[in-house]
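Here is the file data_2.cif (mmCIF, C-alpha atoms).
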```cif
data_protein
loop_
_atom_site.group_PDB
_atom_site.id
_atom_site.type_symbol
_atom_site.label_atom_id
_atom_site.label_comp_id
_atom_site.auth_asym_id
_atom_site.auth_seq_id
_atom_site.Cartn_x
_atom_site.Cartn_y
_atom_site.Cartn_z
ATOM 1 C CA MET P 1 -5.197 -6.491 -27.667
ATOM 2 C CA ARG P 2 -6.951 -4.364 -25.052
ATOM 3 C CA PRO P 3 -4.783 -2.146 -22.822
ATOM 4 C CA ILE P 4 -3.756 -3.734 -19.528
ATOM 5 C CA LYS P 5 -4.035 -1.545 -16.443
ATOM 6 C CA VAL P 6 -2.224 -2.118 -13.155
ATOM 7 C CA SER P 7 -1.988 0.104 -10.092
ATOM 8 C CA ALA P 8 -0.015 0.081 -6.844
ATOM 9 C CA PRO P 9 -0.106 2.320 -3.765
ATOM 10 C CA GLY P 10 2.603 4.338 -2.101
ATOM 11 C CA LYS P 11 3.784 3.270 1.347
ATOM 12 C CA LEU P 12 4.751 4.688 4.721
ATOM 13 C CA HIS P 13 7.199 3.448 7.297
ATOM 14 C CA ILE P 14 5.248 3.856 10.511
ATOM 15 C CA LEU P 15 8.462 2.813 12.256
ATOM 16 C CA GLY P 16 11.614 0.823 11.559
ATOM 17 C CA GLU P 17 13.234 2.461 8.517
ATOM 18 C CA HIS P 18 17.026 2.031 8.155
ATOM 19 C CA ALA P 19 17.127 -0.485 11.030
ATOM 20 C CA VAL P 20 15.158 -2.850 8.761
ATOM 21 C CA VAL P 21 18.147 -3.016 6.393
ATOM 22 C CA TYR P 22 20.046 -4.745 9.213
ATOM 23 C CA GLY P 23 17.533 -7.426 10.151
ATOM 24 C CA LYS P 24 15.306 -5.429 12.492
ATOM 25 C CA PRO P 25 11.518 -5.385 11.988
ATOM 26 C CA ALA P 26 9.613 -2.571 10.334
ATOM 27 C CA LEU P 27 5.962 -1.621 10.494
ATOM 28 C CA LEU P 28 4.704 -0.352 7.148
ATOM 29 C CA THR P 29 1.395 0.583 5.596
ATOM 30 C CA ALA P 30 0.048 1.266 2.111
ATOM 31 C CA VAL P 31 -1.446 4.719 1.482
ATOM 32 C CA ASN P 32 -4.068 6.030 -0.912
ATOM 33 C CA ARG P 33 -1.637 7.725 -3.297
ATOM 34 C CA ARG P 34 -1.506 5.345 -6.251
ATOM 35 C CA MET P 35 0.536 4.896 -9.397
ATOM 36 C CA SER P 36 -1.341 3.499 -12.377
ATOM 37 C CA ILE P 37 0.326 1.914 -15.389
ATOM 38 C CA LYS P 38 -1.282 1.147 -18.739
ATOM 39 C CA ILE P 39 0.491 -1.124 -21.230
ATOM 40 C CA VAL P 40 -0.539 -2.057 -24.778
ATOM 41 C CA SER P 41 1.160 -3.548 -27.834
ATOM 42 C CA SER P 42 2.768 -1.010 -30.142
ATOM 43 C CA ARG P 43 4.823 -0.847 -33.315
ATOM 44 C CA LYS P 44 7.546 0.933 -31.365
ATOM 45 C CA LYS P 45 8.356 0.917 -27.662
ATOM 46 C CA GLN P 46 7.109 4.105 -26.021
ATOM 47 C CA ILE P 47 7.184 5.359 -22.433
ATOM 48 C CA GLN P 48 4.966 8.218 -21.381
ATOM 49 C CA GLY P 49 4.510 10.082 -18.116
ATOM 50 C CA VAL P 50 7.909 9.279 -16.575
ATOM 51 C CA TRP P 51 8.707 12.861 -15.586
ATOM 52 C CA GLU P 52 12.404 13.750 -15.549
ATOM 53 C CA TYR P 53 13.383 10.129 -14.852
ATOM 54 C CA GLU P 54 13.013 8.708 -18.350
ATOM 55 C CA LYS P 55 16.576 7.360 -18.418
ATOM 56 C CA GLU P 56 16.123 5.529 -15.093
ATOM 57 C CA VAL P 57 12.780 4.054 -16.162
ATOM 58 C CA LYS P 58 14.308 2.737 -19.398
ATOM 59 C CA GLN P 59 17.124 1.119 -17.404
ATOM 60 C CA LEU P 60 14.622 -0.356 -14.958
ATOM 61 C CA LEU P 61 12.513 -1.817 -17.776
ATOM 62 C CA LYS P 62 15.609 -3.421 -19.297
ATOM 63 C CA ILE P 63 16.450 -5.066 -15.951
ATOM 64 C CA LEU P 64 12.900 -6.357 -15.512
ATOM 65 C CA GLU P 65 12.615 -7.569 -19.115
ATOM 66 C CA GLU P 66 15.889 -9.504 -18.897
ATOM 67 C CA GLU P 67 14.832 -11.178 -15.644
ATOM 68 C CA ILE P 68 11.421 -12.139 -17.033
ATOM 69 C CA GLN P 69 12.975 -13.507 -20.236
ATOM 70 C CA LYS P 70 15.432 -15.569 -18.201
ATOM 71 C CA ARG P 71 12.758 -16.948 -15.886
ATOM 72 C CA LYS P 72 10.252 -17.749 -18.641
ATOM 73 C CA ASN P 73 12.745 -18.696 -21.352
ATOM 74 C CA LEU P 74 11.500 -16.007 -23.723
ATOM 75 C CA LYS P 75 13.652 -15.128 -26.727
ATOM 76 C CA SER P 76 12.202 -11.652 -27.191
ATOM 77 C CA ILE P 77 9.486 -9.284 -26.046
ATOM 78 C CA MET P 78 7.291 -7.584 -28.622
ATOM 79 C CA PRO P 79 7.206 -3.761 -28.593
ATOM 80 C CA TYR P 80 4.808 -2.078 -26.212
ATOM 81 C CA SER P 81 3.671 1.333 -25.141
ATOM 82 C CA ILE P 82 3.532 2.230 -21.444
ATOM 83 C CA LYS P 83 1.791 5.185 -19.871
ATOM 84 C CA ILE P 84 2.453 5.994 -16.212
ATOM 85 C CA ASN P 85 0.194 8.213 -14.138
ATOM 86 C CA SER P 86 1.425 8.726 -10.592
ATOM 87 C CA GLN P 87 0.113 10.350 -7.424
ATOM 88 C CA VAL P 88 3.208 9.162 -5.532
ATOM 89 C CA PRO P 89 5.726 12.018 -5.273
ATOM 90 C CA ILE P 90 9.361 11.175 -5.999
ATOM 91 C CA GLY P 91 11.947 11.516 -3.242
ATOM 92 C CA SER P 92 9.347 11.908 -0.518
ATOM 93 C CA GLY P 93 9.651 8.663 1.429
ATOM 94 C CA LEU P 94 6.427 7.287 -0.046
ATOM 95 C CA GLY P 95 8.117 4.450 -1.922
ATOM 96 C CA SER P 96 7.890 5.727 -5.498
ATOM 97 C CA SER P 97 10.643 3.358 -6.691
ATOM 98 C CA ALA P 98 8.974 0.329 -5.097
ATOM 99 C CA THR P 99 5.606 1.327 -6.539
ATOM 100 C CA LEU P 100 7.175 1.751 -9.968
ATOM 101 C CA SER P 101 9.127 -1.538 -9.806
ATOM 102 C CA ALA P 102 6.100 -3.552 -8.685
ATOM 103 C CA GLY P 103 3.726 -1.890 -11.126
ATOM 104 C CA LEU P 104 5.995 -2.327 -14.141
ATOM 105 C CA THR P 105 6.712 -5.965 -13.255
ATOM 106 C CA ALA P 106 3.016 -6.791 -12.989
ATOM 107 C CA SER P 107 2.302 -4.884 -16.210
ATOM 108 C CA LEU P 108 4.987 -6.709 -18.198
ATOM 109 C CA LEU P 109 3.942 -10.148 -16.935
ATOM 110 C CA SER P 110 0.292 -9.405 -17.701
ATOM 111 C CA PHE P 111 1.222 -8.102 -21.156
ATOM 112 C CA LEU P 112 3.152 -11.316 -21.848
ATOM 113 C CA ARG P 113 0.205 -13.372 -20.514
ATOM 114 C CA VAL P 114 2.415 -14.902 -17.866
ATOM 115 C CA PRO P 115 0.464 -15.870 -14.726
ATOM 116 C CA TRP P 116 1.816 -14.161 -11.623
ATOM 117 C CA ASP P 117 1.384 -14.098 -7.895
ATOM 118 C CA LYS P 118 2.659 -11.688 -5.249
ATOM 119 C CA LYS P 119 5.855 -13.650 -4.596
ATOM 120 C CA THR P 120 6.766 -13.639 -8.291
ATOM 121 C CA ILE P 121 6.237 -9.877 -8.447
ATOM 122 C CA PHE P 122 8.348 -9.362 -5.324
ATOM 123 C CA ASP P 123 11.244 -11.526 -6.530
ATOM 124 C CA ILE P 124 11.475 -9.798 -9.916
ATOM 125 C CA ALA P 125 10.721 -6.251 -8.748
ATOM 126 C CA TYR P 126 13.318 -6.567 -5.970
ATOM 127 C CA LEU P 127 15.966 -6.282 -8.688
ATOM 128 C CA GLY P 128 14.469 -2.888 -9.498
ATOM 129 C CA GLU P 129 14.766 -1.834 -5.856
ATOM 130 C CA LYS P 130 18.415 -2.906 -5.873
ATOM 131 C CA PHE P 131 18.938 -0.811 -9.005
ATOM 132 C CA PHE P 132 17.578 2.266 -7.238
ATOM 133 C CA HIS P 133 18.878 1.761 -3.692
ATOM 134 C CA GLY P 134 21.829 -0.629 -3.756
ATOM 135 C CA ASN P 135 21.019 -2.457 -0.502
ATOM 136 C CA PRO P 136 17.248 -2.238 0.011
ATOM 137 C CA SER P 137 15.417 -4.082 2.763
ATOM 138 C CA GLY P 138 12.536 -5.007 0.457
ATOM 139 C CA GLY P 139 10.057 -3.617 2.997
ATOM 140 C CA ASP P 140 8.782 -0.856 0.730
ATOM 141 C CA LEU P 141 8.205 -3.366 -2.042
ATOM 142 C CA ALA P 142 6.367 -5.814 0.212
ATOM 143 C CA ALA P 143 4.117 -3.024 1.480
ATOM 144 C CA VAL P 144 3.035 -1.782 -1.952
ATOM 145 C CA ILE P 145 2.390 -5.352 -3.152
ATOM 146 C CA GLU P 146 0.552 -6.620 -0.067
ATOM 147 C CA GLY P 147 -1.234 -3.431 0.972
ATOM 148 C CA GLY P 148 -2.815 -2.984 4.402
ATOM 149 C CA PHE P 149 -0.475 -3.012 7.412
ATOM 150 C CA LEU P 150 2.671 -5.072 7.225
ATOM 151 C CA TRP P 151 5.198 -6.464 9.704
ATOM 152 C CA TYR P 152 8.413 -6.954 7.739
ATOM 153 C CA ARG P 153 11.859 -8.337 8.490
ATOM 154 C CA LYS P 154 14.857 -8.978 6.246
ATOM 155 C CA GLU P 155 16.420 -12.044 7.855
ATOM 156 C CA PHE P 156 19.063 -12.508 5.149
ATOM 157 C CA GLU P 157 19.461 -11.344 1.570
ATOM 158 C CA PHE P 158 17.929 -14.685 0.539
ATOM 159 C CA LEU P 159 15.231 -14.727 3.236
ATOM 160 C CA LYS P 160 12.678 -11.980 3.830
ATOM 161 C CA THR P 161 9.636 -12.575 6.002
ATOM 162 C CA PHE P 162 6.503 -10.506 6.304
ATOM 163 C CA ALA P 163 2.969 -10.812 7.536
ATOM 164 C CA SER P 164 -0.145 -8.699 7.189
ATOM 165 C CA LEU P 165 -1.324 -7.540 10.594
ATOM 166 C CA PRO P 166 -4.625 -9.225 11.479
ATOM 167 C CA PHE P 167 -6.257 -6.037 12.755
ATOM 168 C CA LYS P 168 -6.960 -2.426 11.885
ATOM 169 C CA PRO P 169 -5.898 0.427 14.179
ATOM 170 C CA HIS P 170 -8.148 0.825 17.224
ATOM 171 C CA LYS P 171 -11.039 3.291 16.881
ATOM 172 C CA ASN P 172 -9.285 5.596 19.394
ATOM 173 C CA ILE P 173 -6.467 6.157 16.905
ATOM 174 C CA GLY P 174 -7.188 9.210 14.805
ATOM 175 C CA GLN P 175 -5.920 10.302 11.428
ATOM 176 C CA PHE P 176 -2.276 10.599 10.432
ATOM 177 C CA ILE P 177 -1.221 13.341 8.044
ATOM 178 C CA LEU P 178 1.912 14.066 6.058
ATOM 179 C CA ILE P 179 3.813 17.352 6.092
ATOM 180 C CA ASN P 180 6.368 18.016 3.388
ATOM 181 C CA SER P 181 9.774 19.014 4.804
ATOM 182 C CA GLY P 182 11.141 19.370 1.275
ATOM 183 C CA LYS P 183 12.629 17.001 -1.277
ATOM 184 C CA PRO P 184 15.949 15.541 -0.098
ATOM 185 C CA LYS P 185 19.050 16.502 -2.018
ATOM 186 C CA GLU P 186 20.434 13.020 -1.403
ATOM 187 C CA SER P 187 19.027 9.795 -2.836
ATOM 188 C CA THR P 188 17.758 6.991 -0.600
ATOM 189 C CA LYS P 189 20.793 4.989 -1.735
ATOM 190 C CA GLU P 190 23.100 7.701 -0.412
ATOM 191 C CA MET P 191 21.294 7.806 2.944
ATOM 192 C CA VAL P 192 21.468 4.009 3.277
ATOM 193 C CA GLU P 193 25.205 4.219 2.573
ATOM 194 C CA LYS P 194 25.543 6.989 5.172
ATOM 195 C CA VAL P 195 24.070 4.726 7.860
ATOM 196 C CA ALA P 196 26.333 1.874 6.700
ATOM 197 C CA GLN P 197 29.366 4.128 7.190
ATOM 198 C CA LEU P 198 28.175 5.059 10.689
ATOM 199 C CA LYS P 199 27.702 1.392 11.522
ATOM 200 C CA THR P 200 31.273 0.658 10.418
ATOM 201 C CA ALA P 201 32.682 3.592 12.404
ATOM 202 C CA THR P 202 30.646 3.054 15.604
ATOM 203 C CA PRO P 203 29.223 -0.477 15.507
ATOM 204 C CA GLU P 204 28.144 -0.747 19.160
ATOM 205 C CA LYS P 205 26.441 2.659 19.228
ATOM 206 C CA THR P 206 24.653 2.014 15.952
ATOM 207 C CA GLN P 207 23.543 -1.457 16.997
ATOM 208 C CA ALA P 208 22.085 0.012 20.191
ATOM 209 C CA LEU P 209 20.015 2.409 18.080
ATOM 210 C CA PHE P 210 18.786 -0.471 15.913
ATOM 211 C CA ASN P 211 17.860 -2.463 19.029
ATOM 212 C CA SER P 212 15.936 0.521 20.383
ATOM 213 C CA GLN P 213 14.049 0.870 17.105
ATOM 214 C CA GLU P 214 13.076 -2.791 17.250
ATOM 215 C CA GLU P 215 11.558 -2.392 20.701
ATOM 216 C CA LEU P 216 9.765 0.824 19.716
ATOM 217 C CA THR P 217 8.366 -0.832 16.578
ATOM 218 C CA LYS P 218 6.903 -3.620 18.697
ATOM 219 C CA GLN P 219 5.424 -1.070 21.110
ATOM 220 C CA MET P 220 3.911 0.799 18.158
ATOM 221 C CA VAL P 221 1.997 -2.299 17.055
ATOM 222 C CA VAL P 222 0.579 -2.659 20.572
ATOM 223 C CA ALA P 223 -0.367 1.036 20.665
ATOM 224 C CA LEU P 224 -2.230 0.779 17.355
ATOM 225 C CA LYS P 225 -4.053 -2.367 18.440
ATOM 226 C CA THR P 226 -5.074 -1.102 21.888
ATOM 227 C CA GLY P 227 -5.700 2.511 20.929
ATOM 228 C CA ASP P 228 -3.091 3.928 23.328
ATOM 229 C CA GLU P 229 -2.465 7.380 21.853
ATOM 230 C CA ASN P 230 0.104 8.367 24.483
ATOM 231 C CA LYS P 231 2.209 5.298 23.751
ATOM 232 C CA LEU P 232 1.869 5.891 20.014
ATOM 233 C CA ILE P 233 3.070 9.497 20.327
ATOM 234 C CA ASN P 234 5.961 8.425 22.546
ATOM 235 C CA CYS P 235 7.028 5.730 20.067
ATOM 236 C CA ILE P 236 7.071 8.218 17.200
ATOM 237 C CA ARG P 237 9.068 10.759 19.217
ATOM 238 C CA LEU P 238 11.678 8.270 20.415
ATOM 239 C CA GLY P 239 11.887 6.614 16.998
ATOM 240 C CA GLU P 240 12.548 10.005 15.430
ATOM 241 C CA ARG P 241 15.316 10.717 17.952
ATOM 242 C CA ASN P 242 17.008 7.465 16.976
ATOM 243 C CA LEU P 243 16.796 8.409 13.301
ATOM 244 C CA GLU P 244 18.360 11.777 14.070
ATOM 245 C CA LYS P 245 21.221 9.996 15.852
ATOM 246 C CA LEU P 246 21.691 7.891 12.720
ATOM 247 C CA GLY P 247 22.259 11.159 10.859
ATOM 248 C CA VAL P 248 19.431 10.949 8.324
ATOM 249 C CA VAL P 249 17.335 13.987 9.360
ATOM 250 C CA GLY P 250 18.134 17.546 8.276
ATOM 251 C CA ASN P 251 17.746 20.753 10.270
ATOM 252 C CA LYS P 252 14.663 21.892 8.356
ATOM 253 C CA ALA P 253 12.779 18.710 9.225
ATOM 254 C CA LYS P 254 13.997 18.829 12.827
ATOM 255 C CA SER P 255 12.650 22.357 13.206
ATOM 256 C CA ILE P 256 9.199 21.314 11.954
ATOM 257 C CA ILE P 257 9.213 18.226 14.178
ATOM 258 C CA ARG P 258 10.142 20.185 17.307
ATOM 259 C CA SER P 259 7.326 22.662 16.604
ATOM 260 C CA ILE P 260 4.823 19.794 16.359
ATOM 261 C CA GLU P 261 6.144 18.267 19.572
ATOM 262 C CA LYS P 262 5.687 21.570 21.416
ATOM 263 C CA LEU P 263 2.009 21.385 20.454
ATOM 264 C CA GLY P 264 1.760 17.935 22.063
ATOM 265 C CA GLY P 265 2.044 15.904 18.871
ATOM 266 C CA ALA P 266 4.721 13.789 17.233
ATOM 267 C CA ALA P 267 6.340 13.554 13.813
ATOM 268 C CA LYS P 268 9.077 11.599 12.090
ATOM 269 C CA ILE P 269 10.595 10.997 8.700
ATOM 270 C CA ASN P 270 9.176 7.903 7.036
ATOM 271 C CA GLY P 271 11.755 6.882 4.473
ATOM 272 C CA GLY P 272 15.438 7.327 3.688
ATOM 273 C CA GLY P 273 15.418 10.913 4.934
ATOM 274 C CA GLY P 274 17.796 13.673 3.927
ATOM 275 C CA LYS P 275 20.431 15.734 5.722
ATOM 276 C CA LYS P 276 21.522 18.626 3.518
ATOM 277 C CA GLU P 277 18.125 20.114 2.661
ATOM 278 C CA GLY P 278 14.686 18.515 2.998
ATOM 279 C CA SER P 279 14.016 15.089 4.534
ATOM 280 C CA GLY P 280 10.887 14.178 2.562
ATOM 281 C CA MET P 281 7.395 13.713 3.940
ATOM 282 C CA LEU P 282 6.972 13.701 7.716
ATOM 283 C CA LEU P 283 4.470 11.325 9.284
ATOM 284 C CA VAL P 284 2.502 13.369 11.838
ATOM 285 C CA TYR P 285 0.132 12.442 14.647
ATOM 286 C CA HIS P 286 -1.723 14.595 17.187
ATOM 287 C CA LYS P 287 -4.773 14.012 19.343
ATOM 288 C CA ASP P 288 -6.103 17.330 18.046
ATOM 289 C CA MET P 289 -4.926 17.524 14.444
ATOM 290 C CA GLU P 290 -6.418 21.003 13.976
ATOM 291 C CA LYS P 291 -3.515 22.374 16.011
ATOM 292 C CA VAL P 292 -1.025 20.885 13.560
ATOM 293 C CA LEU P 293 -2.994 22.065 10.531
ATOM 294 C CA SER P 294 -3.004 25.573 11.964
ATOM 295 C CA LEU P 295 0.765 25.405 12.450
ATOM 296 C CA ALA P 296 1.277 24.149 8.893
ATOM 297 C CA LYS P 297 -0.826 26.990 7.519
ATOM 298 C CA GLN P 298 1.115 29.520 9.577
ATOM 299 C CA LYS P 299 4.464 28.155 8.351
ATOM 300 C CA LYS P 300 3.154 27.646 4.785
ATOM 301 C CA LEU P 301 3.914 23.928 4.826
ATOM 302 C CA GLU P 302 2.405 21.483 2.342
ATOM 303 C CA VAL P 303 -0.005 19.042 4.014
ATOM 304 C CA LEU P 304 -1.245 15.739 2.608
ATOM 305 C CA LYS P 305 -4.258 14.092 4.208
ATOM 306 C CA ILE P 306 -3.983 10.354 3.727
ATOM 307 C CA GLN P 307 -5.727 7.059 4.272
ATOM 308 C CA ILE P 308 -3.585 4.208 5.579
ATOM 309 C CA GLY P 309 -4.021 0.457 5.253
ATOM 310 C CA VAL P 310 -5.349 0.603 1.676
ATOM 311 C CA GLU P 311 -5.353 -2.130 -0.986
ATOM 312 C CA GLY P 312 -2.028 -3.148 -2.503
ATOM 313 C CA LEU P 313 -0.976 -3.994 -6.068
ATOM 314 C CA ARG P 314 -3.912 -4.878 -8.295
ATOM 315 C CA ARG P 315 -4.978 -5.404 -11.877
ATOM 316 C CA ASP P 316 -7.467 -2.685 -12.854
ATOM 317 C CA GLU P 317 -9.773 -3.789 -15.642
#
```
Can you dump the structure from the file as structure tokens?
Amino acid sequence: MRPIKVSAPGKLHILGEHAVVYGKPALLTAVNRRMSIKIVSSRKKQIQGVWEYEKEVKQLLKILEEEIQKRKNLKSIMPYSIKINSQVPIGSGLGSSATLSAGLTASLLSFLRVPWDKKTIFDIAYLGEKFFHGNPSGGDLAAVIEGGFLWYRKEFEFLKTFASLPFKPHKNIGQFILINSGKPKESTKEMVEKVAQLKTATPEKTQALFNSQEELTKQMVVALKTGDENKLINCIRLGERNLEKLGVVGNKAKSIIRSIEKLGGAAKINGGGGKKEGSGMLLVYHKDMEKVLSLAKQKKLEVLKIQIGVEGLRRDE
């Protein structure tokens, strides 16, 4: 049997993270940092290229295998060897767990010669997201499967709706970049739980922040479609302030963000965030990106130049 190859992209939350867990919309996009997975039959199960997370990957595979066996009435799964090669950094807000869950699900189904579509992948891989994050929105997973630009909303645990946006950003919209504020000490699961605790303690205040994020997310879509850079920058700035009020942004990230704002740009976290140390990758926009690149060089900050709106999960022959 020839090796089966599958790949999936990382993702970015352009706006709407955390609020999306509570039924508010999120605007996401797939980025050109991909994870590729190769699977082939083997005498003994082997997993290669899983970094320091070998234990978690083994647990994830067990969850996915059991769900596939239950759905397809399979008594057993023959041994296989998996090799993972990833450009998606862990704990950065780029959706590494969603990319891994979707990629492994597609790989296993292909290996077992079970026909699959995007909904099947989502439904099975969502169990992987729950394993990693406890109460995920499913937005990250939808973005890496669908690719492009995605409008996502978790209506209920049993109902999640999403649609690919029928346009690309206006030609006036320039390039986004990522700046690394440092790997968070906390997991995404811990940050989601932190927001849940805040919501319990101050429900009206927290709901007002979620409502604000919903309006800003809608405005962001309009800004991207019409090419209104000023509106786009304002949405990012105000969205970031709301995230800071939710308590998911650390001082190191705040310092970088304020420096970018002083230059006339905008930046925000784009995932679960982090409070104690780093907050992951920051999504950055400026009308004159050279000013930001100069600042990053001066402060010795890691910069990632990215493409957004790329292709989602695919079978690579």
query = Nearest to Ser187 in chain P: which of P:Gly309, P:Gly147, P:Gly280, P:Pro3 is it, counting only C-alpha atoms?
reply =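 Of all the options, P:Gly280 lies closest to Ser187 in chain P.
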request  = List, as a list in words, every residue that the PyMOL selection byres ((chain P and resi 167) around 12) selects in the file provided.
outcome  = Gly148, Phe149, Leu150, Trp151, Ala163, Ser164, Leu165, Pro166, Lys168, Pro169, His170, Lys171, Val221, Val222, Leu224, Lys225, Thr226, Gly227 and Gly309 of chain P
inquiry  = Would you compute the distance between CA of Lys62 in chain P and CA of Ala30 in chain P? Give it in Å to one decimal.
reply    =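 About the pair CA of Lys62 in chain P and CA of Ala30 in chain P: they are 26.9 Å apart.
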ask   = With all atoms listed in the file as the atoms that count, which of P:Gly93, P:Gly174, P:Pro184, P:Pro79 lies nearest to Ser41 in chain P?
value =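 Closest to Ser41 in chain P of all the choices is P:Pro79.
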message = Under the rule that all atoms listed in the file are counted, which of P:Thr105, P:Ser81, P:Gln59, P:Ser181 is the nearest residue to Val303 in chain P?
response =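 Of the candidates, the smallest distance to Val303 in chain P is held by P:Ser181.
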query = Looking at P:Ile233, P:Leu209, P:Met35, P:Leu282, which one is nearest to Val6 in chain P, with distances taken over only C-alpha atoms?
reply = P:Met35
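Between Glu66 in chain P and the candidates P:Leu127, P:Val31, P:Leu12, P:Leu216, the tightest atom-to-atom separation, counting only C-alpha atoms, involves P:Leu127.
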Skipping near chain neighbours, those fewer than 6 positions away, what residues fall within 12 Å of Arg2 in chain P using all atoms listed in the file, listed as an mmCIF file with C-alpha atoms, in the frame of the given file?
```cif
data_model
loop_
_atom_site.group_PDB
_atom_site.id
_atom_site.type_symbol
_atom_site.label_atom_id
_atom_site.label_comp_id
_atom_site.auth_asym_id
_atom_site.auth_seq_id
_atom_site.Cartn_x
_atom_site.Cartn_y
_atom_site.Cartn_z
ATOM 1 C CA LYS P 38 -1.282 1.147 -18.739
ATOM 2 C CA ILE P 39 0.491 -1.124 -21.230
ATOM 3 C CA VAL P 40 -0.539 -2.057 -24.778
ATOM 4 C CA SER P 41 1.160 -3.548 -27.834
ATOM 5 C CA SER P 42 2.768 -1.010 -30.142
ATOM 6 C CA SER P 110 0.292 -9.405 -17.701
ATOM 7 C CA PHE P 111 1.222 -8.102 -21.156
ATOM 8 C CA GLU P 317 -9.773 -3.789 -15.642
#
```
query = For Lys118 in chain P, which residue out of P:Ile269, P:Leu104, P:Met191, P:Ile145 is the nearest one, using all atoms listed in the file?
reply =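 Going through P:Ile269, P:Leu104, P:Met191, P:Ile145 one by one, the smallest distance to Lys118 in chain P is for P:Ile145.
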message = I'd like the interatomic distance between CA of Glu193 in chain P and CA of Val284 in chain P, to a tenth of an Å.
response = 26.2 Å
task = For Glu215 in chain P, work out the shell of residues within 12 Å, counting all atoms listed in the file and skipping chain neighbours fewer than 3 positions away, then give it as a PyMOL selection string.
result = chain P and resi 15-16+19+24-27+208-212+218-222+235+238-239+242
inquiry  = As an exercise, work out the distance from CA of Phe156 in chain P to CA of Asp123 in chain P in Å and give it to one decimal place.
reply    = 14.1 Å
Enumerate, in order of chain and increasing residue number, the residues of range 156-249 of chain P with an atom no farther than 12 Å from range 129-134 of chain P, each with its shortest atom pair and distance in Å to one decimal, counting only C-alpha atoms, as JSON lines.
```
{"residue": "P:Glu157", "atom": "CA", "partner": "P:Lys130", "partner_atom": "CA", "distance": 11.3}
{"residue": "P:Glu186", "atom": "CA", "partner": "P:His133", "partner_atom": "CA", "distance": 11.6}
{"residue": "P:Ser187", "atom": "CA", "partner": "P:His133", "partner_atom": "CA", "distance": 8.1}
{"residue": "P:Thr188", "atom": "CA", "partner": "P:His133", "partner_atom": "CA", "distance": 6.2}
{"residue": "P:Lys189", "atom": "CA", "partner": "P:His133", "partner_atom": "CA", "distance": 4.2}
{"residue": "P:Glu190", "atom": "CA", "partner": "P:His133", "partner_atom": "CA", "distance": 8.0}
{"residue": "P:Met191", "atom": "CA", "partner": "P:His133", "partner_atom": "CA", "distance": 9.3}
{"residue": "P:Val192", "atom": "CA", "partner": "P:His133", "partner_atom": "CA", "distance": 7.8}
{"residue": "P:Glu193", "atom": "CA", "partner": "P:Gly134", "partner_atom": "CA", "distance": 8.7}
{"residue": "P:Ala196", "atom": "CA", "partner": "P:Gly134", "partner_atom": "CA", "distance": 11.7}
```
task = Please write as a PyMOL selection string the full residue list that the PyMOL selection byres ((chain P and resi 305) around 9) yields on this file.
result = chain P and resi 175-179+303-304+306-307
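When you apply the PyMOL selection byres ((chain P and resi 49) around 9) to this structure, what comes back is P:Ile47, P:Gln48, P:Val50, P:Trp51, P:Glu54, P:Ile82, P:Lys83, P:Ile84, P:Asn85, P:Ser86.
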request  = Please provide the set of residues having any atom within 12 Å of Lys299 in chain P, restricted to all atoms listed in the file, with same-chain residues fewer than 4 positions apart removed, written as JSON, numbers by chain.
outcome  = {"P": [179, 180, 181, 252, 255, 256, 259, 260, 292, 293, 294, 295, 303]}
ask   = Can you tell me, as a list of chain:residue names, what residues are no more than 6 Å from Gly273 in chain P when counting only C-alpha atoms, ignoring any on the same chain fewer than 2 positions away?
value =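 Once the nearby chain positions are removed, what remains is P:Val248, P:Val249, P:Gly271, P:Ser279.
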query = Which protein, DNA or RNA residues are at most 7 Å from (12.3, -9.2, 2.2) in the file's coordinates when you count all atoms listed in the file, listed as a list in words?
reply =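 Residues with an atom close enough to that point: Ser137, Gly138, Gly139, Arg153, Lys154, Leu159, Lys160 and Thr161 of chain P.
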Next, write the just-selected residues to a file, as an mmCIF file, keeping the file's coordinate frame, keeping C-alpha atoms as the atom set.
```
data_model
loop_
_atom_site.group_PDB
_atom_site.id
_atom_site.type_symbol
_atom_site.label_atom_id
_atom_site.label_comp_id
_atom_site.auth_asym_id
_atom_site.auth_seq_id
_atom_site.Cartn_x
_atom_site.Cartn_y
_atom_site.Cartn_z
ATOM 1 C CA SER P 137 15.417 -4.082 2.763
ATOM 2 C CA GLY P 138 12.536 -5.007 0.457
ATOM 3 C CA GLY P 139 10.057 -3.617 2.997
ATOM 4 C CA ARG P 153 11.859 -8.337 8.490
ATOM 5 C CA LYS P 154 14.857 -8.978 6.246
ATOM 6 C CA LEU P 159 15.231 -14.727 3.236
ATOM 7 C CA LYS P 160 12.678 -11.980 3.830
ATOM 8 C CA THR P 161 9.636 -12.575 6.002
#
```
